[in-house]
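> Pasting in a structure now, in structure tokens, and then I'll have a few things to ask.
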Amino acid sequence: MEMTRVLAHLYLLGCLVHTLKKAATASQFELAGDYLIGGLFDIHHENERLPREKPESITCSSRPFILSSYRRFQLMRFSVEEINNSTRLLPNVSLGYKILDLCSDTQNFPGVFSLIAGNRFIQPWNDSQRATSKMITVVGSYTSSATLSVAPLFMMDFFPMVSYGAASSVFSSKKKFPSFLRTVHPNKDVIEVVLAILQEFDWRWVSFLHINDDYGRDGRDLFIREIEHTEICLGYTKGLDQNTNYSQVFQNMQSVRIHVAIVFAPEWTAEALIKAAIKHKVTNKVWIAGDAWSLHKELPKENGIENIGTVLGIAEPKMAIPGFSDFIHSFKARSQQDEGMQERFCSQTCNCSSPTAEEIINTDPSFNFPVYSAVYAVAHALHAVLQCDTASCNRNITADPHRILKELWNSNFTLLNQRVQFDENGDPYFGSYAIVFWNETGDAERVGFYSYHPSNQFVINRTKIKWHGNGSVPRSVCSEECESGFAKKLVGLHRCCFNCEKCQAGSYINNTANPYICSNCSKTEWSEEGSISCHQRVEDYMLFSHGGAVVIMLGALAFVGLAAAVSVLFFINYDTPVVKSAGGPMCFLILGCLSLSSVSIFFNFGKPTTAFCILQFLPFQFFFTVCLACFVVRSFQIVCIFKIAKKFPNILSWWMKYKGQWLVICVAFISQALLLIISYSAEPPNPHSDAELHPDKIIHQCGHNFNTILGPLLLKSLLVILSFGFSYVGKDLPKNYNEAKAITFCLLLLIIIWIISITTHQLYSGKSVQVIYAMAVLCSIYSFLFWYFLPKCYIIMFQPQKNTQQYFQSLIRSYTKIVTQ
């Protein structure tokens with residue numbers, strides 16, 4: 001801290017010596033007053049940063065002159081004089097100013113120190129210094145880099161600083177810059193307008209060219225952050241300085257096919273860029289100018305500017321400040337009477353007498369209202385501190401800078417129909433932006449606006465914009481938007497560069513949620529190839545009301561009725577030879593089991609449940625096994641009577657003694673019951689929804705594990721083979737008494753039915769499988785009814801002469817004679 005004081009003292013000493021050598025004449029940079037406002041304006045600009053080996057000040061008058069900054073400088077002078085000439089705001093109090101030509105970010109510290117010095121010394125946190133200094137606020141500076149250099153000197157003592165141009169977002173941090181306010185919108189607001197323009201014209205592939213300093217890098221970072229969740233991609237970005245190779249910049253933009261360039265830079269950097277674009281014959285681009293150069297007066301009239309494309313800009317609305325033109329004309333008239341005017345402020349030589357009054361008035365008016373409102377904000381704060389009324393102010397009150405700061409935060413006044421206020425970050429809570437278009441006459445024509453308060457509103461008149469080329473809105477995309485039903489497959493790092501791939505069937509693309517992935521439909525939904533949504537699958541199963549189901553169920557009911565009728569007929573004719581030869585009491589068991597087997601048919605229809613799935617197979621598997629066991633016994637008995645009894649009489653004797661027929665049936669009954677219990681306990685059949693078979697349907701059917709029903713199927717197959725074998729052996733028995741042939745035919749028909757059923761099952765799928773199975777069951781039970789029982793019924797009813805004991809014995813005797821011959 002002590003070293004800082006020594007350096008500051010040396011700088012001030014040099015300034016004072018320099019001042020004493022100059023004539024004590026009026027100065028553009030100084031005005032005496034009861035209270036002073038400091039001003040920081042870059043009337044000249046140092047663009048090159050040369051290496052230095054020792055501390056040295058800079059002669060700003062030797063650097064390039066910035067006419068627009070000079071206009072802002074004059075506007076501050078006008079604002080102070082206007083306030084002094086008015087008795088309404090600060091009656092009996094005069095405002096003065098000390099303005100510094102801040103042409104360099106790093107070499108203007110002698111002048112900055114003099115603004116905050118008291119009695120030629122800088123003493124932070126010194127109350128006595130505050131009491132002796134007339135300086136109450138500093139207005140400025142213009143660039144963010146310059147402000148970052150000098151602002152900490154003012155922040156350490158909570159000295160108010162009201163900037164009219166420093167837009168970097170870092171200044172919104174009140175922890176680092178507690179006494180900093182600004183009347184210009186921060187970068188985030190400008191980026192918000194840029195984003196609105198890009199979205200309005202659907203430009204998604206852009207470049208961001210910025211000055212390579214704090215202001216430009218802040219704008220770039222904000223832009224990247226803002227577009228993160230949009231469809232806009234930053235294809236190219238470049239920081240610009242005096243050493244930029246513009247030819248390489250344009251080549252890079254051309255290589256990535258970017259047609260929109262956002263230029264976030266002050267006017268001197270933008271001038272170099274646009275002139276280089278004209279020189280290198282860059283064509284057919286859209287240039288979006290930031291608020292720092294969009295109202296440039298010379299560039300729109302530059303020779304060849306029409307070839308580079310279309311220039312849109314973001315600018316503060318042009319606001320005529322009453323009396324300013326008269327002030328400039330009056331000032332220029334006075335200055336011509338004193339050509340030898342020298343400036344008394346340290347190192348201040350304006351060297352700016354060449355621009356005429358008209359040139360000053362007509363130059364770029366950007367940031368003029370921020371300067372005007374900044375000075376008036378200080379005046380209103382002083383008005384509040386001094387407790388002024390319409391007649392006078394209380395001059396006994398000490399207007400300390402920290403008191404001015406407090407009132408600045410509470411600013412709330414109307415200026416040129418604008419309500420001037422600051423938010424909690426010291427940013428302006430007022431103002432708007434105009435959208436301008438550089439027309440053919442070289443003017444920045446207003447084509448829209450973006451307002452912030454009380455709510456954000458964006459309006460642009462497209463018809464006023466004359467686009468380059470064919471007159472239509474230019475396109476700037478890395479990849480053209482995919483057609484409906486196509487997903488974007490990224491190519492490279494940017495989400496805007498992609499190939500289009502059609503979504504497969506069973507998937508869809510939701511462009512709102514994620515346009516890069518085809519989402520799969522749920523199991524209950526389906527979609528065609530290239531879909532943007534899924535459709536609900538139709539639940540498909542064989543309804544009870546289906547025509548095929550009705551016919552099959554009626555057939556099953558008819559079977560039960562016929563079986564019952566046959567049973568009654570057999571019961572009435574129980575003692576006749578035909579009934580006894582058919583099996584006697586076994587006939588009723590067969591007919592009963594066939595009728596119970598038909599129960600399975602009814603559970604093939606309707607939406608499957610676990611109970612339905614069990615009953616769909618269990619009755620037929622169990623009761624039909626008993627039927628097959630009965631036919632095994634019948635075929636064996638026939639063969640035994642006619643073939644085995646004579647050769648092996650003991651077998652017939654044993655069979656008759658132990659009632660072998662019922663023993664076989666019981667064994668088959670118990671075996672199948674055990675096998676079914678084991679298989680169904682291990683893995684019972686369950687409803688199964690097949691979503692793979694048809695894309696638009698869910699087929700509800702019963703799922704069976706073949707391994708679990710293998711045992712019952714093998715037992716049935718064994719019984720069919722035994723029955724078929726025994727009956728086949730007896731195929732040469734008496735023609736009119738050949739029970740074996742009937743059984744053989746029934747079994748052969750049964751085998752054919754299930755071969756057809758299994759084959760059809762492989763060829764067809766879905767609910768038709770249930771119809772096929774139900775039909776196979778129905779045909780199986782009908783085959784025995786028609787080919788085993790109905791011929792016997794026919795004899796009983798229509799050929800009673802054949803249903804006698806004598807007739808059967810004659811057949812047996814005839815067969816015996818034939819066999820013995």
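Letters A, B, ... go to the chains of the structure tokens in the order shown; residues in each chain start at 1; ligands are counted from 1 in the same order.
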Any idea what's packed within 7 Å of A:Ala261, counting only C-alpha atoms, ignoring anything in its chain fewer than 5 positions away? Could you give it as a ChimeraX atom specification?

/A:206-209,286-288

> If we count only C-alpha atoms and set the cut-off at 9 Å, which residues sit around A:Thr390, ignoring sequence neighbours fewer than 4 positions away in its own chain? Please answer as an MDAnalysis selection string.

chainID A and resid 87:91

> Just the residues within 8 Å of A:Ser635, please, counting only C-alpha atoms, with nothing from its chain fewer than 3 positions along; format it as a list in words.

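In the requested format, the answer is Phe631, Val632, Ile638, Val639, Ser723, Phe726, Ser727, Gly730, Glu739, Ala740 and Ile743 of chain A.
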
> Mind writing the picked residues with N, CA, C and O atoms as a CSV table (one decimal), in the first residue's frame?


```
chain,number,residue,atom,x,y,z
A,631,PHE,N,-59.9,-98.4,-25.9
A,631,PHE,CA,-59.8,-99.0,-27.2
A,631,PHE,C,-58.6,-99.9,-27.3
A,631,PHE,O,-58.6,-100.9,-28.1
A,632,VAL,N,-57.6,-99.7,-26.5
A,632,VAL,CA,-56.5,-100.6,-26.4
A,632,VAL,C,-57.0,-102.0,-25.9
A,632,VAL,O,-56.7,-103.1,-26.4
A,638,ILE,N,-60.4,-108.4,-28.8
A,638,ILE,CA,-60.8,-109.0,-30.0
A,638,ILE,C,-59.8,-109.9,-30.5
A,638,ILE,O,-60.0,-111.1,-31.0
A,639,VAL,N,-58.5,-109.5,-30.5
A,639,VAL,CA,-57.4,-110.3,-31.0
A,639,VAL,C,-57.3,-111.5,-30.1
A,639,VAL,O,-57.0,-112.7,-30.5
A,723,SER,N,-53.0,-99.7,-29.4
A,723,SER,CA,-54.4,-99.9,-30.0
A,723,SER,C,-54.3,-100.2,-31.5
A,723,SER,O,-55.0,-101.1,-32.0
A,726,PHE,N,-52.8,-103.7,-32.1
A,726,PHE,CA,-53.7,-104.8,-31.8
A,726,PHE,C,-54.8,-104.9,-32.9
A,726,PHE,O,-55.2,-106.0,-33.3
A,727,SER,N,-55.4,-103.7,-33.2
A,727,SER,CA,-56.5,-103.7,-34.1
A,727,SER,C,-56.1,-104.1,-35.5
A,727,SER,O,-56.8,-104.7,-36.3
A,730,GLY,N,-56.0,-107.8,-36.1
A,730,GLY,CA,-57.3,-108.4,-36.2
A,730,GLY,C,-58.1,-107.9,-37.5
A,730,GLY,O,-59.3,-107.9,-37.5
A,739,GLU,N,-64.8,-105.6,-35.4
A,739,GLU,CA,-64.6,-104.5,-34.5
A,739,GLU,C,-63.2,-103.9,-34.7
A,739,GLU,O,-63.0,-102.7,-34.6
A,740,ALA,N,-62.2,-104.7,-34.9
A,740,ALA,CA,-60.8,-104.3,-35.1
A,740,ALA,C,-60.7,-103.3,-36.2
A,740,ALA,O,-59.9,-102.4,-36.2
A,743,ILE,N,-61.9,-99.9,-35.2
A,743,ILE,CA,-61.0,-99.2,-34.3
A,743,ILE,C,-59.7,-98.8,-35.1
A,743,ILE,O,-59.2,-97.7,-35.0
```

> Could you give me, as a tab-separated table, every stretch 233-316 of chain A residue with an atom at most 12 Å from stretch 474-484 of chain A, plus its closest atom pair and distance in Å to one decimal, counting only C-alpha atoms, rows ordered by chain then number?


```
residue	atom	partner	partner_atom	distance
A:Cys233	CA	A:Cys478	CA	8.6
A:Leu234	CA	A:Cys478	CA	10.2
A:Gly235	CA	A:Cys478	CA	8.3
A:Tyr236	CA	A:Cys478	CA	11.6
A:Met253	CA	A:Ser476	CA	11.7
A:Gln254	CA	A:Ser476	CA	11.8
A:Ser255	CA	A:Cys478	CA	11.3
A:Val256	CA	A:Cys478	CA	7.9
A:Arg257	CA	A:Cys478	CA	7.2
A:Ile258	CA	A:Ser476	CA	6.2
A:His259	CA	A:Ser476	CA	5.3
A:Val260	CA	A:Ser476	CA	6.4
A:Ala261	CA	A:Ser476	CA	10.0
A:Asn284	CA	A:Pro474	CA	8.5
A:Lys285	CA	A:Pro474	CA	8.3
A:Val286	CA	A:Pro474	CA	7.8
A:Trp287	CA	A:Pro474	CA	11.5
A:Gly309	CA	A:Pro474	CA	9.8
A:Thr310	CA	A:Pro474	CA	9.4
```

> Considering only C-alpha atoms, can you say which of A:Phe154, A:Trp268, A:Phe367, A:Trp203 comes closest to A:Val184?

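Closest candidate: A:Phe367.
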
> Which one of A:Ala32, A:Val420, A:Leu778, A:Cys103 sits closest to A:Val551 if you count only C-alpha atoms?

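Going through A:Ala32, A:Val420, A:Leu778, A:Cys103 one by one, the smallest distance to A:Val551 is for A:Leu778.
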
> Extract, using only C-alpha atoms, all DNA, RNA and protein residues at most 9 Å from A:Ala682, discarding same-chain residues fewer than 4 positions from it, and format them as a list in words.

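Near A:Ala682, the qualifying residues are Ile677, Ile678 and Thr708 of chain A.
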
> Taking only C-alpha atoms into account, which of A:Leu615, A:Ile572, A:Ala384, A:Ile308 comes nearest A:Trp467?

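The shortest atom-to-atom distance to A:Trp467 comes from A:Ile308.
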
> Got a sec: who's within 6 Å of A:Ser451, counting only C-alpha atoms, leaving out chain neighbours fewer than 5 positions off, as a list in words?

Ser432, Asn456 and Gln457 of chain A

> For the selection just defined, write its residues with N, CA, C and O atoms to a file, as an mmCIF file, in the first residue's frame.


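Produced file out09.cif, reproduced below:
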```
data_model
loop_
_atom_site.group_PDB
_atom_site.id
_atom_site.type_symbol
_atom_site.label_atom_id
_atom_site.label_comp_id
_atom_site.auth_asym_id
_atom_site.auth_seq_id
_atom_site.Cartn_x
_atom_site.Cartn_y
_atom_site.Cartn_z
ATOM 1 N N SER A 432 -34.551 -0.388 -24.468
ATOM 2 C CA SER A 432 -34.877 -1.419 -25.453
ATOM 3 C C SER A 432 -33.816 -1.374 -26.542
ATOM 4 O O SER A 432 -32.903 -0.537 -26.508
ATOM 5 N N ASN A 456 -40.501 -8.985 -22.006
ATOM 6 C CA ASN A 456 -39.749 -9.112 -23.252
ATOM 7 C C ASN A 456 -40.705 -9.196 -24.441
ATOM 8 O O ASN A 456 -41.649 -9.973 -24.438
ATOM 9 N N GLN A 457 -40.408 -8.389 -25.448
ATOM 10 C CA GLN A 457 -41.233 -8.382 -26.652
ATOM 11 C C GLN A 457 -40.327 -8.193 -27.865
ATOM 12 O O GLN A 457 -39.503 -7.269 -27.892
#
```

> Provide the atom CA of A:Pro454 to atom CA of A:Val194 distance in Å, to one decimal place.

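Interatomic distance, atom CA of A:Pro454 to atom CA of A:Val194: 19.8 Å.
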
> Give the alpha helix (DSSP H) residues of stretch 492-628 of chain A, as DSSP finds them on the backbone, and put them as a PyMOL selection string.

chain A and resi 547-572+577-582+585-597+599-602+610-628

> Hey, which of A:Ala434, A:Ile601, A:Val282, A:Leu763 ends up closest to A:Ile305? Count only C-alpha atoms.

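Among A:Ala434, A:Ile601, A:Val282, A:Leu763, it is A:Val282 that comes nearest to A:Ile305.
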
> Once DSSP has gone over the backbone, tell me which residues of stretch 136-381 of chain A are in strand (DSSP E or B), as a PDB file with N, CA, C and O atoms, in the first residue's frame.


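selection02.pdb written:
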```
ATOM      1  N   ILE A 136     -17.409  13.310  -6.904  1.00  0.00           N
ATOM      2  CA  ILE A 136     -18.437  12.476  -6.270  1.00  0.00           C
ATOM      3  C   ILE A 136     -18.734  11.192  -7.048  1.00  0.00           C
ATOM      4  O   ILE A 136     -19.214  10.210  -6.489  1.00  0.00           O
ATOM      5  N   THR A 137     -18.477  11.167  -8.330  1.00  0.00           N
ATOM      6  CA  THR A 137     -18.788  10.006  -9.167  1.00  0.00           C
ATOM      7  C   THR A 137     -17.923  10.061 -10.412  1.00  0.00           C
ATOM      8  O   THR A 137     -17.503  11.143 -10.839  1.00  0.00           O
ATOM      9  N   VAL A 138     -17.701   8.897 -10.986  1.00  0.00           N
ATOM     10  CA  VAL A 138     -17.028   8.823 -12.284  1.00  0.00           C
ATOM     11  C   VAL A 138     -18.008   8.209 -13.282  1.00  0.00           C
ATOM     12  O   VAL A 138     -18.626   7.177 -13.009  1.00  0.00           O
ATOM     13  N   VAL A 139     -18.142   8.841 -14.445  1.00  0.00           N
ATOM     14  CA  VAL A 139     -18.962   8.319 -15.530  1.00  0.00           C
ATOM     15  C   VAL A 139     -18.027   7.707 -16.573  1.00  0.00           C
ATOM     16  O   VAL A 139     -17.182   8.396 -17.148  1.00  0.00           O
ATOM     17  N   MET A 161     -19.205   4.481  -9.689  1.00  0.00           N
ATOM     18  CA  MET A 161     -18.765   4.451 -11.075  1.00  0.00           C
ATOM     19  C   MET A 161     -19.979   4.056 -11.925  1.00  0.00           C
ATOM     20  O   MET A 161     -20.534   2.974 -11.758  1.00  0.00           O
ATOM     21  N   VAL A 162     -20.389   4.948 -12.830  1.00  0.00           N
ATOM     22  CA  VAL A 162     -21.543   4.688 -13.681  1.00  0.00           C
ATOM     23  C   VAL A 162     -21.040   4.610 -15.124  1.00  0.00           C
ATOM     24  O   VAL A 162     -20.648   5.626 -15.704  1.00  0.00           O
ATOM     25  N   SER A 163     -21.046   3.397 -15.668  1.00  0.00           N
ATOM     26  CA  SER A 163     -20.519   3.200 -17.018  1.00  0.00           C
ATOM     27  C   SER A 163     -21.637   3.310 -18.045  1.00  0.00           C
ATOM     28  O   SER A 163     -22.765   2.896 -17.812  1.00  0.00           O
ATOM     29  N   PHE A 180     -20.362  -0.204  -8.665  1.00  0.00           N
ATOM     30  CA  PHE A 180     -20.436  -0.070 -10.128  1.00  0.00           C
ATOM     31  C   PHE A 180     -21.882  -0.182 -10.583  1.00  0.00           C
ATOM     32  O   PHE A 180     -22.589  -1.126 -10.244  1.00  0.00           O
ATOM     33  N   LEU A 181     -22.316   0.786 -11.373  1.00  0.00           N
ATOM     34  CA  LEU A 181     -23.614   0.741 -12.030  1.00  0.00           C
ATOM     35  C   LEU A 181     -23.391   1.063 -13.504  1.00  0.00           C
ATOM     36  O   LEU A 181     -22.338   1.575 -13.892  1.00  0.00           O
ATOM     37  N   ARG A 182     -24.377   0.787 -14.322  1.00  0.00           N
ATOM     38  CA  ARG A 182     -24.238   1.106 -15.745  1.00  0.00           C
ATOM     39  C   ARG A 182     -25.593   1.413 -16.340  1.00  0.00           C
ATOM     40  O   ARG A 182     -26.627   0.891 -15.902  1.00  0.00           O
ATOM     41  N   TRP A 205     -26.702 -22.492 -38.013  1.00  0.00           N
ATOM     42  CA  TRP A 205     -25.278 -22.800 -38.204  1.00  0.00           C
ATOM     43  C   TRP A 205     -24.567 -21.461 -38.390  1.00  0.00           C
ATOM     44  O   TRP A 205     -24.615 -20.859 -39.455  1.00  0.00           O
ATOM     45  N   VAL A 206     -23.928 -20.976 -37.339  1.00  0.00           N
ATOM     46  CA  VAL A 206     -23.432 -19.602 -37.335  1.00  0.00           C
ATOM     47  C   VAL A 206     -21.990 -19.549 -36.860  1.00  0.00           C
ATOM     48  O   VAL A 206     -21.461 -20.493 -36.266  1.00  0.00           O
ATOM     49  N   SER A 207     -21.377 -18.413 -37.133  1.00  0.00           N
ATOM     50  CA  SER A 207     -20.039 -18.130 -36.603  1.00  0.00           C
ATOM     51  C   SER A 207     -20.144 -16.940 -35.662  1.00  0.00           C
ATOM     52  O   SER A 207     -21.065 -16.117 -35.771  1.00  0.00           O
ATOM     53  N   PHE A 208     -19.197 -16.847 -34.747  1.00  0.00           N
ATOM     54  CA  PHE A 208     -19.181 -15.759 -33.766  1.00  0.00           C
ATOM     55  C   PHE A 208     -17.787 -15.145 -33.795  1.00  0.00           C
ATOM     56  O   PHE A 208     -16.820 -15.748 -33.322  1.00  0.00           O
ATOM     57  N   LEU A 209     -17.692 -13.957 -34.392  1.00  0.00           N
ATOM     58  CA  LEU A 209     -16.421 -13.239 -34.491  1.00  0.00           C
ATOM     59  C   LEU A 209     -16.425 -12.124 -33.460  1.00  0.00           C
ATOM     60  O   LEU A 209     -17.351 -11.306 -33.430  1.00  0.00           O
ATOM     61  N   HIS A 210     -15.429 -12.095 -32.627  1.00  0.00           N
ATOM     62  CA  HIS A 210     -15.449 -11.147 -31.500  1.00  0.00           C
ATOM     63  C   HIS A 210     -14.067 -10.539 -31.305  1.00  0.00           C
ATOM     64  O   HIS A 210     -13.042 -11.132 -31.671  1.00  0.00           O
ATOM     65  N   ILE A 211     -14.064  -9.356 -30.725  1.00  0.00           N
ATOM     66  CA  ILE A 211     -12.792  -8.763 -30.369  1.00  0.00           C
ATOM     67  C   ILE A 211     -12.153  -9.613 -29.277  1.00  0.00           C
ATOM     68  O   ILE A 211     -12.829 -10.110 -28.376  1.00  0.00           O
ATOM     69  N   CYS A 233     -26.184 -23.950 -33.524  1.00  0.00           N
ATOM     70  CA  CYS A 233     -24.831 -24.457 -33.280  1.00  0.00           C
ATOM     71  C   CYS A 233     -23.805 -23.408 -33.686  1.00  0.00           C
ATOM     72  O   CYS A 233     -23.976 -22.711 -34.687  1.00  0.00           O
ATOM     73  N   LEU A 234     -22.751 -23.339 -32.907  1.00  0.00           N
ATOM     74  CA  LEU A 234     -21.641 -22.436 -33.212  1.00  0.00           C
ATOM     75  C   LEU A 234     -20.602 -23.221 -33.998  1.00  0.00           C
ATOM     76  O   LEU A 234     -19.834 -24.003 -33.449  1.00  0.00           O
ATOM     77  N   GLY A 235     -20.596 -22.988 -35.304  1.00  0.00           N
ATOM     78  CA  GLY A 235     -19.695 -23.744 -36.176  1.00  0.00           C
ATOM     79  C   GLY A 235     -18.288 -23.206 -36.198  1.00  0.00           C
ATOM     80  O   GLY A 235     -17.335 -23.940 -36.486  1.00  0.00           O
ATOM     81  N   TYR A 236     -18.132 -21.901 -35.895  1.00  0.00           N
ATOM     82  CA  TYR A 236     -16.796 -21.302 -35.956  1.00  0.00           C
ATOM     83  C   TYR A 236     -16.783 -20.060 -35.081  1.00  0.00           C
ATOM     84  O   TYR A 236     -17.748 -19.284 -35.057  1.00  0.00           O
ATOM     85  N   THR A 237     -15.698 -19.872 -34.336  1.00  0.00           N
ATOM     86  CA  THR A 237     -15.525 -18.661 -33.536  1.00  0.00           C
ATOM     87  C   THR A 237     -14.077 -18.231 -33.599  1.00  0.00           C
ATOM     88  O   THR A 237     -13.172 -19.073 -33.692  1.00  0.00           O
ATOM     89  N   LYS A 238     -13.877 -16.927 -33.557  1.00  0.00           N
ATOM     90  CA  LYS A 238     -12.523 -16.396 -33.681  1.00  0.00           C
ATOM     91  C   LYS A 238     -12.424 -15.063 -32.955  1.00  0.00           C
ATOM     92  O   LYS A 238     -13.279 -14.194 -33.104  1.00  0.00           O
ATOM     93  N   GLY A 239     -11.367 -14.921 -32.142  1.00  0.00           N
ATOM     94  CA  GLY A 239     -11.068 -13.648 -31.512  1.00  0.00           C
ATOM     95  C   GLY A 239     -10.250 -12.785 -32.455  1.00  0.00           C
ATOM     96  O   GLY A 239      -9.254 -13.232 -33.028  1.00  0.00           O
ATOM     97  N   LEU A 240     -10.673 -11.536 -32.644  1.00  0.00           N
ATOM     98  CA  LEU A 240     -10.043 -10.634 -33.612  1.00  0.00           C
ATOM     99  C   LEU A 240      -9.176  -9.600 -32.900  1.00  0.00           C
ATOM    100  O   LEU A 240      -9.568  -9.051 -31.862  1.00  0.00           O
ATOM    101  N   VAL A 260     -23.892 -17.146 -41.819  1.00  0.00           N
ATOM    102  CA  VAL A 260     -24.296 -16.101 -40.872  1.00  0.00           C
ATOM    103  C   VAL A 260     -23.143 -15.851 -39.900  1.00  0.00           C
ATOM    104  O   VAL A 260     -22.640 -16.796 -39.282  1.00  0.00           O
ATOM    105  N   ALA A 261     -22.737 -14.582 -39.797  1.00  0.00           N
ATOM    106  CA  ALA A 261     -21.634 -14.214 -38.895  1.00  0.00           C
ATOM    107  C   ALA A 261     -22.117 -13.175 -37.902  1.00  0.00           C
ATOM    108  O   ALA A 261     -22.623 -12.116 -38.296  1.00  0.00           O
ATOM    109  N   ILE A 262     -21.970 -13.494 -36.633  1.00  0.00           N
ATOM    110  CA  ILE A 262     -22.272 -12.538 -35.565  1.00  0.00           C
ATOM    111  C   ILE A 262     -20.965 -11.831 -35.233  1.00  0.00           C
ATOM    112  O   ILE A 262     -19.967 -12.479 -34.911  1.00  0.00           O
ATOM    113  N   VAL A 263     -20.967 -10.511 -35.323  1.00  0.00           N
ATOM    114  CA  VAL A 263     -19.747  -9.735 -35.088  1.00  0.00           C
ATOM    115  C   VAL A 263     -19.927  -8.948 -33.802  1.00  0.00           C
ATOM    116  O   VAL A 263     -20.680  -7.962 -33.752  1.00  0.00           O
ATOM    117  N   PHE A 264     -19.244  -9.391 -32.771  1.00  0.00           N
ATOM    118  CA  PHE A 264     -19.367  -8.819 -31.439  1.00  0.00           C
ATOM    119  C   PHE A 264     -18.069  -8.070 -31.151  1.00  0.00           C
ATOM    120  O   PHE A 264     -17.135  -8.614 -30.566  1.00  0.00           O
ATOM    121  N   LYS A 285     -23.196 -13.413 -47.366  1.00  0.00           N
ATOM    122  CA  LYS A 285     -23.228 -13.680 -45.930  1.00  0.00           C
ATOM    123  C   LYS A 285     -24.251 -12.759 -45.270  1.00  0.00           C
ATOM    124  O   LYS A 285     -24.584 -11.694 -45.780  1.00  0.00           O
ATOM    125  N   VAL A 286     -24.732 -13.200 -44.122  1.00  0.00           N
ATOM    126  CA  VAL A 286     -25.536 -12.331 -43.267  1.00  0.00           C
ATOM    127  C   VAL A 286     -24.649 -11.939 -42.088  1.00  0.00           C
ATOM    128  O   VAL A 286     -24.102 -12.801 -41.401  1.00  0.00           O
ATOM    129  N   TRP A 287     -24.502 -10.641 -41.893  1.00  0.00           N
ATOM    130  CA  TRP A 287     -23.664 -10.116 -40.813  1.00  0.00           C
ATOM    131  C   TRP A 287     -24.585  -9.522 -39.755  1.00  0.00           C
ATOM    132  O   TRP A 287     -25.394  -8.637 -40.053  1.00  0.00           O
ATOM    133  N   ILE A 288     -24.481 -10.018 -38.533  1.00  0.00           N
ATOM    134  CA  ILE A 288     -25.290  -9.480 -37.433  1.00  0.00           C
ATOM    135  C   ILE A 288     -24.375  -8.617 -36.577  1.00  0.00           C
ATOM    136  O   ILE A 288     -23.449  -9.111 -35.923  1.00  0.00           O
ATOM    137  N   ALA A 289     -24.630  -7.310 -36.618  1.00  0.00           N
ATOM    138  CA  ALA A 289     -23.771  -6.354 -35.924  1.00  0.00           C
ATOM    139  C   ALA A 289     -24.240  -6.154 -34.491  1.00  0.00           C
ATOM    140  O   ALA A 289     -25.434  -6.035 -34.221  1.00  0.00           O
ATOM    141  N   GLY A 309     -23.111  -9.136 -48.684  1.00  0.00           N
ATOM    142  CA  GLY A 309     -24.356  -9.774 -48.261  1.00  0.00           C
ATOM    143  C   GLY A 309     -25.290  -8.799 -47.586  1.00  0.00           C
ATOM    144  O   GLY A 309     -25.425  -7.645 -48.000  1.00  0.00           O
ATOM    145  N   THR A 310     -25.928  -9.247 -46.536  1.00  0.00           N
ATOM    146  CA  THR A 310     -26.918  -8.460 -45.800  1.00  0.00           C
ATOM    147  C   THR A 310     -26.414  -8.189 -44.394  1.00  0.00           C
ATOM    148  O   THR A 310     -25.914  -9.091 -43.723  1.00  0.00           O
ATOM    149  N   VAL A 311     -26.569  -6.945 -43.947  1.00  0.00           N
ATOM    150  CA  VAL A 311     -26.139  -6.556 -42.607  1.00  0.00           C
ATOM    151  C   VAL A 311     -27.369  -6.202 -41.777  1.00  0.00           C
ATOM    152  O   VAL A 311     -28.126  -5.289 -42.125  1.00  0.00           O
ATOM    153  N   LEU A 312     -27.568  -6.953 -40.711  1.00  0.00           N
ATOM    154  CA  LEU A 312     -28.575  -6.621 -39.699  1.00  0.00           C
ATOM    155  C   LEU A 312     -27.845  -6.193 -38.445  1.00  0.00           C
ATOM    156  O   LEU A 312     -26.719  -6.643 -38.180  1.00  0.00           O
ATOM    157  N   GLY A 313     -28.470  -5.352 -37.662  1.00  0.00           N
ATOM    158  CA  GLY A 313     -27.780  -4.867 -36.468  1.00  0.00           C
ATOM    159  C   GLY A 313     -28.696  -4.703 -35.282  1.00  0.00           C
ATOM    160  O   GLY A 313     -29.920  -4.600 -35.417  1.00  0.00           O
ATOM    161  N   ILE A 314     -28.068  -4.685 -34.122  1.00  0.00           N
ATOM    162  CA  ILE A 314     -28.756  -4.424 -32.862  1.00  0.00           C
ATOM    163  C   ILE A 314     -28.265  -3.079 -32.371  1.00  0.00           C
ATOM    164  O   ILE A 314     -27.055  -2.875 -32.220  1.00  0.00           O
ATOM    165  N   ALA A 315     -29.174  -2.165 -32.150  1.00  0.00           N
ATOM    166  CA  ALA A 315     -28.767  -0.807 -31.799  1.00  0.00           C
ATOM    167  C   ALA A 315     -29.714  -0.225 -30.767  1.00  0.00           C
ATOM    168  O   ALA A 315     -30.867  -0.642 -30.655  1.00  0.00           O
TER     169      ALA A 315
END
```

> Do a neighbour search on A:Ala272 at 10 Å with only C-alpha atoms, toss out local chain neighbours closer than 6 positions, and write the hits as an MDAnalysis selection string.

chainID A and resid 240:242 244 246

> Give me the residues near A:Ser373 as a ChimeraX atom specification, where near means some atom within 12 Å (using only C-alpha atoms) and where sequence neighbours in that chain fewer than 2 positions away do not count.

/A:72,75-76,79-80,83,139,162-164,181-184,319,321,367-371,375-381,408,411-422,428,430-431
